[in-house]
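The structure file coords11.cif is reproduced below (mmCIF, C-alpha atoms).
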```
data_my_file
#
loop_
_atom_site.label_atom_id
_atom_site.label_comp_id
_atom_site.auth_asym_id
_atom_site.auth_seq_id
_atom_site.Cartn_x
_atom_site.Cartn_y
_atom_site.Cartn_z
CA MET A 1 7.54 -9.47 -29.79
CA VAL A 2 8.98 -10.01 -26.32
CA ILE A 3 5.49 -9.99 -24.80
CA LEU A 4 4.35 -12.60 -27.32
CA ALA A 5 7.34 -14.85 -26.66
CA GLY A 6 6.97 -14.51 -22.90
CA THR A 7 3.28 -15.34 -23.01
CA VAL A 8 3.85 -18.40 -25.21
CA PHE A 9 6.68 -19.40 -22.89
CA SER A 10 4.42 -19.24 -19.81
CA SER A 11 1.51 -20.97 -21.52
CA ALA A 12 3.71 -23.78 -22.85
CA ALA A 13 5.22 -24.27 -19.39
CA TRP A 14 1.68 -24.64 -18.01
CA VAL A 15 0.63 -27.15 -20.71
CA PHE A 16 3.78 -29.28 -20.96
CA GLY A 17 5.28 -28.71 -17.52
CA ARG A 18 8.77 -27.57 -16.61
CA GLN A 19 10.31 -31.02 -16.18
CA ARG A 20 11.23 -31.19 -19.87
CA PRO A 21 12.52 -28.36 -22.07
CA THR A 22 9.52 -28.64 -24.42
CA TYR A 23 8.11 -25.29 -23.34
CA ILE A 24 11.46 -23.61 -24.08
CA LEU A 25 11.57 -25.13 -27.56
CA ILE A 26 8.02 -23.96 -28.29
CA ALA A 27 8.83 -20.41 -27.22
CA PHE A 28 12.04 -20.52 -29.27
CA ALA A 29 10.18 -21.72 -32.36
CA THR A 30 7.45 -19.13 -31.88
CA ILE A 31 9.80 -16.17 -31.66
CA TRP A 32 11.72 -17.13 -34.80
CA THR A 33 8.56 -18.00 -36.71
CA TYR A 34 7.20 -14.56 -35.87
CA ALA A 35 10.48 -13.00 -36.99
CA LEU A 36 10.24 -14.88 -40.30
CA LEU A 37 6.64 -13.77 -40.82
CA THR A 38 7.68 -10.14 -40.37
CA GLY A 39 10.29 -10.52 -43.10
CA MET A 40 13.24 -10.88 -40.70
CA GLN A 41 13.47 -7.12 -40.37
CA PRO A 42 16.38 -5.83 -38.20
CA PRO A 43 14.18 -4.90 -35.18
CA ALA A 44 12.51 -8.33 -35.16
CA PHE A 45 15.82 -10.07 -35.76
CA ARG A 46 17.49 -8.28 -32.84
CA ALA A 47 14.56 -8.97 -30.51
CA ALA A 48 14.61 -12.65 -31.48
CA ILE A 49 18.33 -12.89 -30.71
CA MET A 50 17.94 -11.21 -27.33
CA PHE A 51 15.01 -13.36 -26.24
CA SER A 52 16.75 -16.50 -27.52
CA LEU A 53 19.64 -15.76 -25.16
CA PHE A 54 17.17 -15.61 -22.28
CA LEU A 55 15.74 -19.00 -23.30
CA THR A 56 19.22 -20.48 -23.69
CA ALA A 57 20.13 -19.44 -20.16
CA LEU A 58 16.99 -21.13 -18.86
CA TRP A 59 17.73 -24.26 -20.88
CA LEU A 60 21.20 -24.47 -19.34
CA GLY A 61 19.71 -24.03 -15.88
CA ARG A 62 21.45 -20.71 -15.32
CA PRO A 63 18.82 -17.94 -15.46
CA GLN A 64 21.29 -15.61 -13.72
CA SER A 65 23.43 -15.75 -16.87
CA ALA A 66 20.67 -14.29 -19.04
CA LEU A 67 21.52 -10.68 -18.24
CA PRO A 68 25.29 -10.97 -18.93
CA SER A 69 24.49 -12.84 -22.15
CA LEU A 70 22.09 -10.10 -23.18
CA ALA A 71 24.71 -7.44 -22.44
CA LEU A 72 27.28 -9.38 -24.50
CA ALA A 73 24.87 -9.68 -27.44
CA ALA A 74 24.12 -5.95 -27.28
CA ALA A 75 27.84 -5.16 -27.13
CA ILE A 76 28.49 -7.31 -30.22
CA MET A 77 25.67 -5.60 -32.12
CA VAL A 78 26.98 -2.18 -31.18
CA GLY A 79 30.52 -3.23 -32.10
CA ILE A 80 29.38 -4.31 -35.57
CA ASP A 81 27.27 -1.20 -36.10
CA PRO A 82 27.76 1.56 -33.50
CA SER A 83 24.85 3.56 -34.91
CA VAL A 84 22.45 0.87 -33.71
CA LEU A 85 22.89 2.25 -30.20
CA TRP A 86 20.68 5.20 -31.20
CA ASP A 87 18.13 2.97 -32.93
CA VAL A 88 14.81 3.18 -31.09
CA SER A 89 13.90 -0.43 -31.90
CA PHE A 90 17.23 -1.66 -30.50
CA GLN A 91 16.74 0.28 -27.27
CA LEU A 92 13.16 -0.97 -26.88
CA SER A 93 14.15 -4.58 -27.56
CA PHE A 94 17.02 -4.41 -25.09
CA VAL A 95 15.05 -2.86 -22.23
CA ALA A 96 12.04 -5.13 -22.89
CA VAL A 97 14.11 -8.30 -22.56
CA THR A 98 15.95 -6.81 -19.58
CA GLY A 99 12.61 -6.05 -17.94
CA LEU A 100 11.51 -9.62 -18.60
CA ILE A 101 14.66 -10.96 -16.95
CA LEU A 102 14.59 -8.67 -13.91
CA LEU A 103 10.92 -7.82 -13.32
CA PHE A 104 8.97 -10.85 -14.52
CA PRO A 105 9.96 -13.20 -11.62
CA THR A 106 8.94 -10.58 -9.05
CA PHE A 107 5.58 -9.84 -10.69
CA GLN A 108 4.95 -13.55 -11.15
CA ARG A 109 5.63 -14.20 -7.46
CA TRP A 110 3.44 -11.29 -6.34
CA GLY A 111 0.59 -12.30 -8.63
CA ARG A 112 0.55 -15.90 -7.48
CA LYS A 113 0.74 -14.82 -3.85
CA VAL A 114 -2.22 -12.45 -4.24
CA MET A 115 -4.33 -14.87 -6.28
CA ALA A 116 -3.63 -17.79 -3.95
CA GLY A 117 -5.30 -15.95 -1.08
CA GLU A 118 -5.84 -17.71 2.21
CA LYS A 119 -5.95 -21.19 0.67
CA GLY A 120 -2.41 -20.82 -0.61
CA ALA A 121 -3.18 -22.70 -3.83
CA LEU A 122 -3.96 -21.64 -7.38
CA THR A 123 -6.24 -23.23 -9.91
CA PRO A 124 -4.44 -24.68 -12.95
CA VAL A 125 -6.02 -22.00 -15.16
CA ALA A 126 -4.79 -19.12 -12.98
CA ASN A 127 -1.07 -19.78 -13.47
CA PRO A 128 -0.82 -18.97 -17.21
CA ILE A 129 -3.09 -15.93 -16.78
CA ILE A 130 -0.91 -14.54 -13.98
CA ASP A 131 2.26 -15.29 -15.95
CA SER A 132 0.88 -13.54 -19.04
CA PHE A 133 0.00 -10.47 -16.99
CA ALA A 134 3.45 -10.56 -15.38
CA VAL A 135 5.18 -10.72 -18.78
CA THR A 136 3.07 -7.90 -20.18
CA LEU A 137 3.52 -5.70 -17.12
CA ALA A 138 7.29 -6.27 -17.05
CA ALA A 139 7.67 -5.26 -20.70
CA ILE A 140 5.39 -2.22 -20.32
CA ILE A 141 7.19 -0.90 -17.24
CA ALA A 142 10.60 -1.46 -18.83
CA THR A 143 9.74 0.37 -22.08
CA LEU A 144 7.49 3.08 -20.61
CA PRO A 145 10.04 5.94 -20.37
CA LEU A 146 11.50 5.29 -23.81
CA ILE A 147 8.05 5.31 -25.42
CA ALA A 148 7.21 8.55 -23.62
CA TYR A 149 10.54 10.09 -24.62
CA TYR A 150 10.43 9.19 -28.32
CA PHE A 151 6.70 9.29 -29.05
CA GLY A 152 5.41 11.84 -26.54
CA TYR A 153 2.64 9.75 -25.00
CA VAL A 154 1.97 6.74 -22.80
CA SER A 155 -0.83 4.22 -23.17
CA LEU A 156 -3.20 3.85 -20.25
CA VAL A 157 -4.83 0.69 -21.62
CA ALA A 158 -1.72 -1.17 -22.76
CA LEU A 159 -1.98 -3.91 -20.14
CA PRO A 160 -5.57 -5.12 -20.79
CA ALA A 161 -5.34 -4.51 -24.55
CA THR A 162 -2.11 -6.46 -24.89
CA PHE A 163 -3.36 -9.31 -22.74
CA LEU A 164 -6.62 -9.71 -24.65
CA ALA A 165 -4.85 -9.47 -28.01
CA LEU A 166 -2.30 -12.07 -26.97
CA LEU A 167 -5.05 -14.63 -26.41
CA ALA A 168 -5.46 -14.91 -30.18
CA LEU A 169 -1.96 -14.07 -31.36
CA PRO A 170 -0.41 -17.59 -31.07
CA GLY A 171 -3.31 -19.08 -33.02
CA ALA A 172 -3.06 -16.35 -35.65
CA ILE A 173 0.67 -16.97 -36.13
CA ILE A 174 0.33 -20.75 -36.35
CA LEU A 175 -2.58 -20.56 -38.79
CA ALA A 176 -0.78 -17.96 -40.91
CA LEU A 177 2.25 -20.23 -41.17
CA LEU A 178 0.04 -23.24 -41.92
CA THR A 179 -1.81 -21.27 -44.59
CA ALA A 180 1.46 -20.29 -46.25
CA LEU A 181 2.70 -23.90 -46.27
CA LEU A 182 -0.58 -25.36 -47.53
CA GLY A 183 -0.66 -22.76 -50.28
CA LEU A 184 2.32 -24.54 -51.85
CA PHE A 185 0.75 -28.01 -51.89
CA ALA A 186 -2.99 -27.77 -51.22
CA PRO A 187 -4.48 -24.37 -52.16
CA ALA A 188 -8.00 -25.47 -51.26
CA LEU A 189 -7.01 -26.28 -47.69
CA SER A 190 -5.03 -23.07 -47.46
CA TRP A 191 -8.23 -21.15 -48.20
CA ALA A 192 -9.94 -22.88 -45.28
CA THR A 193 -7.14 -22.25 -42.81
CA GLY A 194 -6.84 -18.70 -44.12
CA TRP A 195 -10.48 -17.96 -43.31
CA VAL A 196 -10.04 -19.38 -39.82
CA ASP A 197 -6.92 -17.28 -39.41
CA TRP A 198 -8.93 -14.26 -40.54
CA LEU A 199 -11.17 -14.74 -37.49
CA PHE A 200 -8.18 -14.58 -35.15
CA LEU A 201 -6.72 -11.56 -36.92
CA SER A 202 -10.08 -9.76 -36.94
CA TYR A 203 -10.38 -10.31 -33.20
CA ILE A 204 -6.93 -8.81 -32.62
CA ILE A 205 -7.75 -5.79 -34.80
CA LYS A 206 -11.06 -5.20 -33.01
CA VAL A 207 -9.38 -5.38 -29.61
CA VAL A 208 -6.75 -2.84 -30.66
CA GLU A 209 -9.29 -0.51 -32.28
CA GLY A 210 -11.71 -0.84 -29.36
CA PHE A 211 -9.18 0.11 -26.68
CA GLY A 212 -7.63 2.75 -28.94
CA ALA A 213 -11.02 4.46 -29.35
CA LEU A 214 -11.41 4.99 -25.61
CA PRO A 215 -11.08 8.68 -24.62
CA PHE A 216 -8.54 7.85 -21.92
CA ALA A 217 -6.54 5.38 -24.04
CA LYS A 218 -3.41 7.49 -24.04
CA HIS A 219 -1.93 10.47 -22.26
CA GLU A 220 0.44 12.95 -23.85
CA ILE A 221 3.62 13.50 -21.91
CA ALA A 222 6.97 15.17 -22.55
CA ILE A 223 10.10 14.03 -20.75
CA ASN A 224 13.81 14.55 -21.31
CA GLY A 225 16.78 12.22 -21.23
CA ILE A 226 17.56 12.99 -17.59
CA MET A 227 14.11 11.81 -16.54
CA VAL A 228 14.55 8.60 -18.53
CA TRP A 229 17.84 7.84 -16.77
CA ALA A 230 16.32 8.77 -13.41
CA TYR A 231 13.44 6.33 -14.04
CA TYR A 232 15.78 3.44 -14.74
CA GLY A 233 17.99 4.50 -11.83
CA VAL A 234 15.03 4.19 -9.46
CA ILE A 235 14.18 0.72 -10.83
CA VAL A 236 17.78 -0.44 -10.43
CA ALA A 237 17.87 0.95 -6.89
CA ILE A 238 14.65 -0.88 -5.99
CA LEU A 239 15.85 -4.16 -7.48
CA SER A 240 19.25 -3.93 -5.78
CA ARG A 241 18.08 -2.49 -2.49
CA LYS A 242 19.33 -5.51 -0.54
CA ARG A 243 22.82 -5.36 -2.02
CA LEU A 244 22.82 -1.59 -1.74
CA GLY A 245 21.79 -1.84 1.91
CA MET A 246 24.65 -4.26 2.62
CA ALA A 247 27.11 -1.99 0.82
CA ILE A 248 25.98 1.04 2.83
CA SER A 249 25.77 -0.77 6.16
CA LYS A 250 29.50 -1.57 6.22
CA PRO A 251 30.79 2.04 6.09
CA ILE A 252 28.05 3.11 8.50
CA ALA A 253 29.13 0.41 10.95
CA TRP A 254 32.75 1.53 10.56
CA VAL A 255 31.83 5.15 11.35
CA GLN A 256 29.73 4.10 14.32
CA GLU A 257 32.60 2.04 15.65
CA ARG A 258 35.00 4.97 15.37
CA LEU A 259 32.51 7.32 16.99
CA GLY A 260 32.08 4.84 19.80
CA ARG A 261 35.81 5.05 20.49
CA LEU A 262 35.77 8.85 20.52
CA PRO A 263 35.03 9.28 24.27
CA GLN A 264 37.88 6.91 25.14
CA PHE A 265 40.24 8.78 22.79
CA THR A 266 39.20 12.12 24.30
CA TYR A 267 39.84 10.84 27.79
CA GLN A 268 43.32 9.57 26.88
CA ALA A 269 44.33 12.62 24.80
CA PRO A 270 46.90 15.05 26.32
CA ILE A 271 44.84 18.03 27.47
CA ARG A 272 47.81 20.44 27.69
CA ALA A 273 48.92 19.79 24.11
CA ILE A 274 45.39 20.23 22.82
CA LEU A 275 45.02 23.58 24.60
CA ILE A 276 48.31 24.83 23.12
CA LEU A 277 47.18 23.82 19.60
CA LEU A 278 43.85 25.58 20.09
CA LEU A 279 45.60 28.79 21.23
CA ILE A 280 47.91 28.72 18.19
CA ALA A 281 44.98 28.15 15.86
CA THR A 282 43.04 31.01 17.46
CA ALA A 283 45.99 33.37 17.08
CA LEU A 284 46.43 32.44 13.41
CA VAL A 285 42.72 33.03 12.74
CA TRP A 286 42.84 36.49 14.31
CA LEU A 287 46.00 37.40 12.40
CA ALA A 288 44.27 36.42 9.19
CA VAL A 289 41.24 38.55 10.14
CA ILE A 290 43.40 41.60 10.91
CA ALA A 291 45.42 41.26 7.73
CA THR A 292 42.34 40.82 5.53
CA PRO A 293 41.55 43.95 3.45
CA ASP A 294 38.46 45.94 4.33
CA ARG A 295 37.03 45.26 0.84
CA GLN A 296 36.97 48.96 0.00
CA LEU A 297 38.37 50.29 -3.26
CA GLU A 298 41.99 51.36 -2.88
CA VAL A 299 43.97 53.26 -5.51
CA SER A 300 47.75 53.49 -5.13
CA PHE A 301 49.98 55.74 -7.30
CA LEU A 302 53.48 54.29 -7.54
CA ASP A 303 56.62 56.12 -8.65
CA VAL A 304 58.54 53.59 -10.73
CA GLY A 305 61.23 56.00 -12.00
CA GLN A 306 60.37 56.17 -15.72
CA GLY A 307 56.66 56.73 -15.42
CA ASP A 308 53.72 56.40 -13.12
CA ALA A 309 52.02 53.15 -12.10
CA ILE A 310 48.56 52.94 -10.62
CA LEU A 311 47.42 49.94 -8.59
CA VAL A 312 43.69 49.52 -8.11
CA ALA A 313 42.72 46.97 -5.43
#
```
Structure translated into structure tokens:
Amino acid sequence: MVILAGTVFSSAAWVFGRQRPTYILIAFATIWTYALLTGMQPPAFRAAIMFSLFLTALWLGRPQSALPSLALAAAIMVGIDPSVLWDVSFQLSFVAVTGLILLFPTFQRWGRKVMAGEKGALTPVANPIIDSFAVTLAAIIATLPLIAYYFGYVSLVALPATFLALLALPGAIILALLTALLGLFAPALSWATGWVDWLFLSYIIKVVEGFGALPFAKHEIAINGIMVWAYYGVIVAILSRKRLGMAISKPIAWVQERLGRLPQFTYQAPIRAILILLLIATALVWLAVIATPDRQLEVSFLDVGQGDAILVA
């Protein structure tokens, strides 16, 4: 669902431009139409809410607010129903939208830089293709460990299969909605649009079945919760490497500064007092060594007056 919304979002931005919020409205309408067509099931409903927050942040011109808004929405959902935190669909929806927020801009920038080549310019057709790949790749990378953890396998053809299927998915959704509406007023026309929609749906099914039939389509894998957290920890570390580097550089600079003052401190330190302290410390160490038991078993019989006591040490 997130991949679909992101692809429609990128395609609409290419067609209508980013000067007006038309592309945001189209993506918003698409995600909720898809949720309605799926019966407004809880997983689809949650994914629609999360992606709508991302679109709202873009509409307000504050894309940096998308992640806090997503966290707030997730916190509200968990507060209403704490058990949803262990719901696989909730976890997948959350990490998919998070991946779209954090990873999509980077993949989009890399893709356009690579495709531009030496000329430094892209053809108008290349932009939506690169954006669709970036959306798909961001969602796949974000959900990869959870899919492996819960289902025991990872898909090796998810990227091309999803991209090719998405080419027909917007048309299939629009025609399905149009068929449903025409069925109320003009059944004959609904039959026509339904047959056209069947072509789109058949294409999607063939793409899925074709890639799924490949011998290398998936790879079985077993991972534990620690590996899942480690995976996301690495992604967070990569994304925040600049901030992390700045945070580490300050204490390192402080230590280097103190070490740089060490020769001056040593030169100014009272040598006689230091020698006396070293002698005292050496004497205390040797006293401790002499007083330390030889670690051999010792049995002592003690006369306590009204009986015998035995101490084993």
Would you kindly translate the PyMOL selection byres ((chain A and resi 146) around 12) into the concrete residues it picks from this file, as a ChimeraX atom specification?
/A:86-96,139-145,147-154,221-232
With distances taken over all atoms listed in the file, which residue among A:Leu137, A:Thr38, A:Met77, A:Val84 lies nearest Phe163 in chain A?
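Among A:Leu137, A:Thr38, A:Met77, A:Val84, it is A:Leu137 that comes nearest to Phe163 in chain A.
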Given the file shown, enumerate the residues that the PyMOL selection byres ((chain A and resi 43-55) around 8) captures and present them as number ranges by chain.
A: 1-2, 5, 24, 28, 31-32, 35, 38, 40-42, 56-59, 63, 66-67, 69-70, 73, 89-90, 93-94, 97, 101
Just to confirm, what's the straight-line distance from CA of Thr193 in chain A to CA of Phe211 in chain A in Å (one decimal)?
27.6 Å
Between CA of Tyr23 in chain A and CA of Arg109 in chain A, what is the distance, to one decimal in Å?
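Separation of CA of Tyr23 in chain A and CA of Arg109 in chain A: 19.5 Å.
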Separation of CA of Gly194 in chain A and CA of Ile174 in chain A, in Å?
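Separating CA of Gly194 in chain A from CA of Ile174 in chain A is a distance of 10.8 Å.
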May I have the residues within 9 Å of Tyr203 in chain A as a VMD selection string, using all atoms listed in the file and disregarding those fewer than 5 positions away in the same chain?
chain A and resid 165 168 198 208
Find the residue from A:Leu25, A:Ile76, A:Val312, A:Leu182 that sits nearest to Ala13 in chain A; use all atoms listed in the file when measuring.
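Ranking A:Leu25, A:Ile76, A:Val312, A:Leu182 by distance to Ala13 in chain A, first place goes to A:Leu25.
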For Ala74 in chain A, which residue out of A:Thr98, A:Ser300, A:Ser132, A:Thr179 is the nearest one, using all atoms listed in the file?
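Between A:Thr98, A:Ser300, A:Ser132, A:Thr179, the residue approaching Ala74 in chain A most closely is A:Thr98.
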Hey, which of A:Leu311, A:Ile26, A:Leu36, A:Leu159 ends up closest to Ala217 in chain A? Count only C-alpha atoms.
A:Leu159
With 6 Å on each side, where is the centre of the axis-aligned box around all listed atoms of range 140-154 of chain A, and how long are its edges in Å to one decimal, as JSON?
```
{"center_x": 6.7, "center_y": 4.8, "center_z": -23.1, "size_x": 21.5, "size_y": 26.1, "size_z": 23.8}
```
Picked residues, the PyMOL selection byres ((chain A and resi 299) around 10), expected as a compact mmCIF listing (two decimals) with C-alpha atoms, in the coordinates of the input:
```
# COMPACT_ATOMS: atom_id res chain seq x y z
CA GLN A 296 36.97 48.96 0.00
CA LEU A 297 38.37 50.29 -3.26
CA GLU A 298 41.99 51.36 -2.88
CA SER A 300 47.75 53.49 -5.13
CA PHE A 301 49.98 55.74 -7.30
CA LEU A 302 53.48 54.29 -7.54
CA ILE A 310 48.56 52.94 -10.62
CA LEU A 311 47.42 49.94 -8.59
CA VAL A 312 43.69 49.52 -8.11
CA ALA A 313 42.72 46.97 -5.43
```
Kindly provide, as a list in words, the polymer residues lying within 8 Å of (9.1, -10.1, -14.9), counting all atoms listed in the file and using the coordinates exactly as they appear in the file.
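Checked against the point, the hits come out as Gly99, Leu100, Ile101, Leu102, Leu103, Phe104, Pro105, Thr106, Phe107, Gln108, Ala134, Val135, Leu137, Ala138 and Ala139 of chain A.
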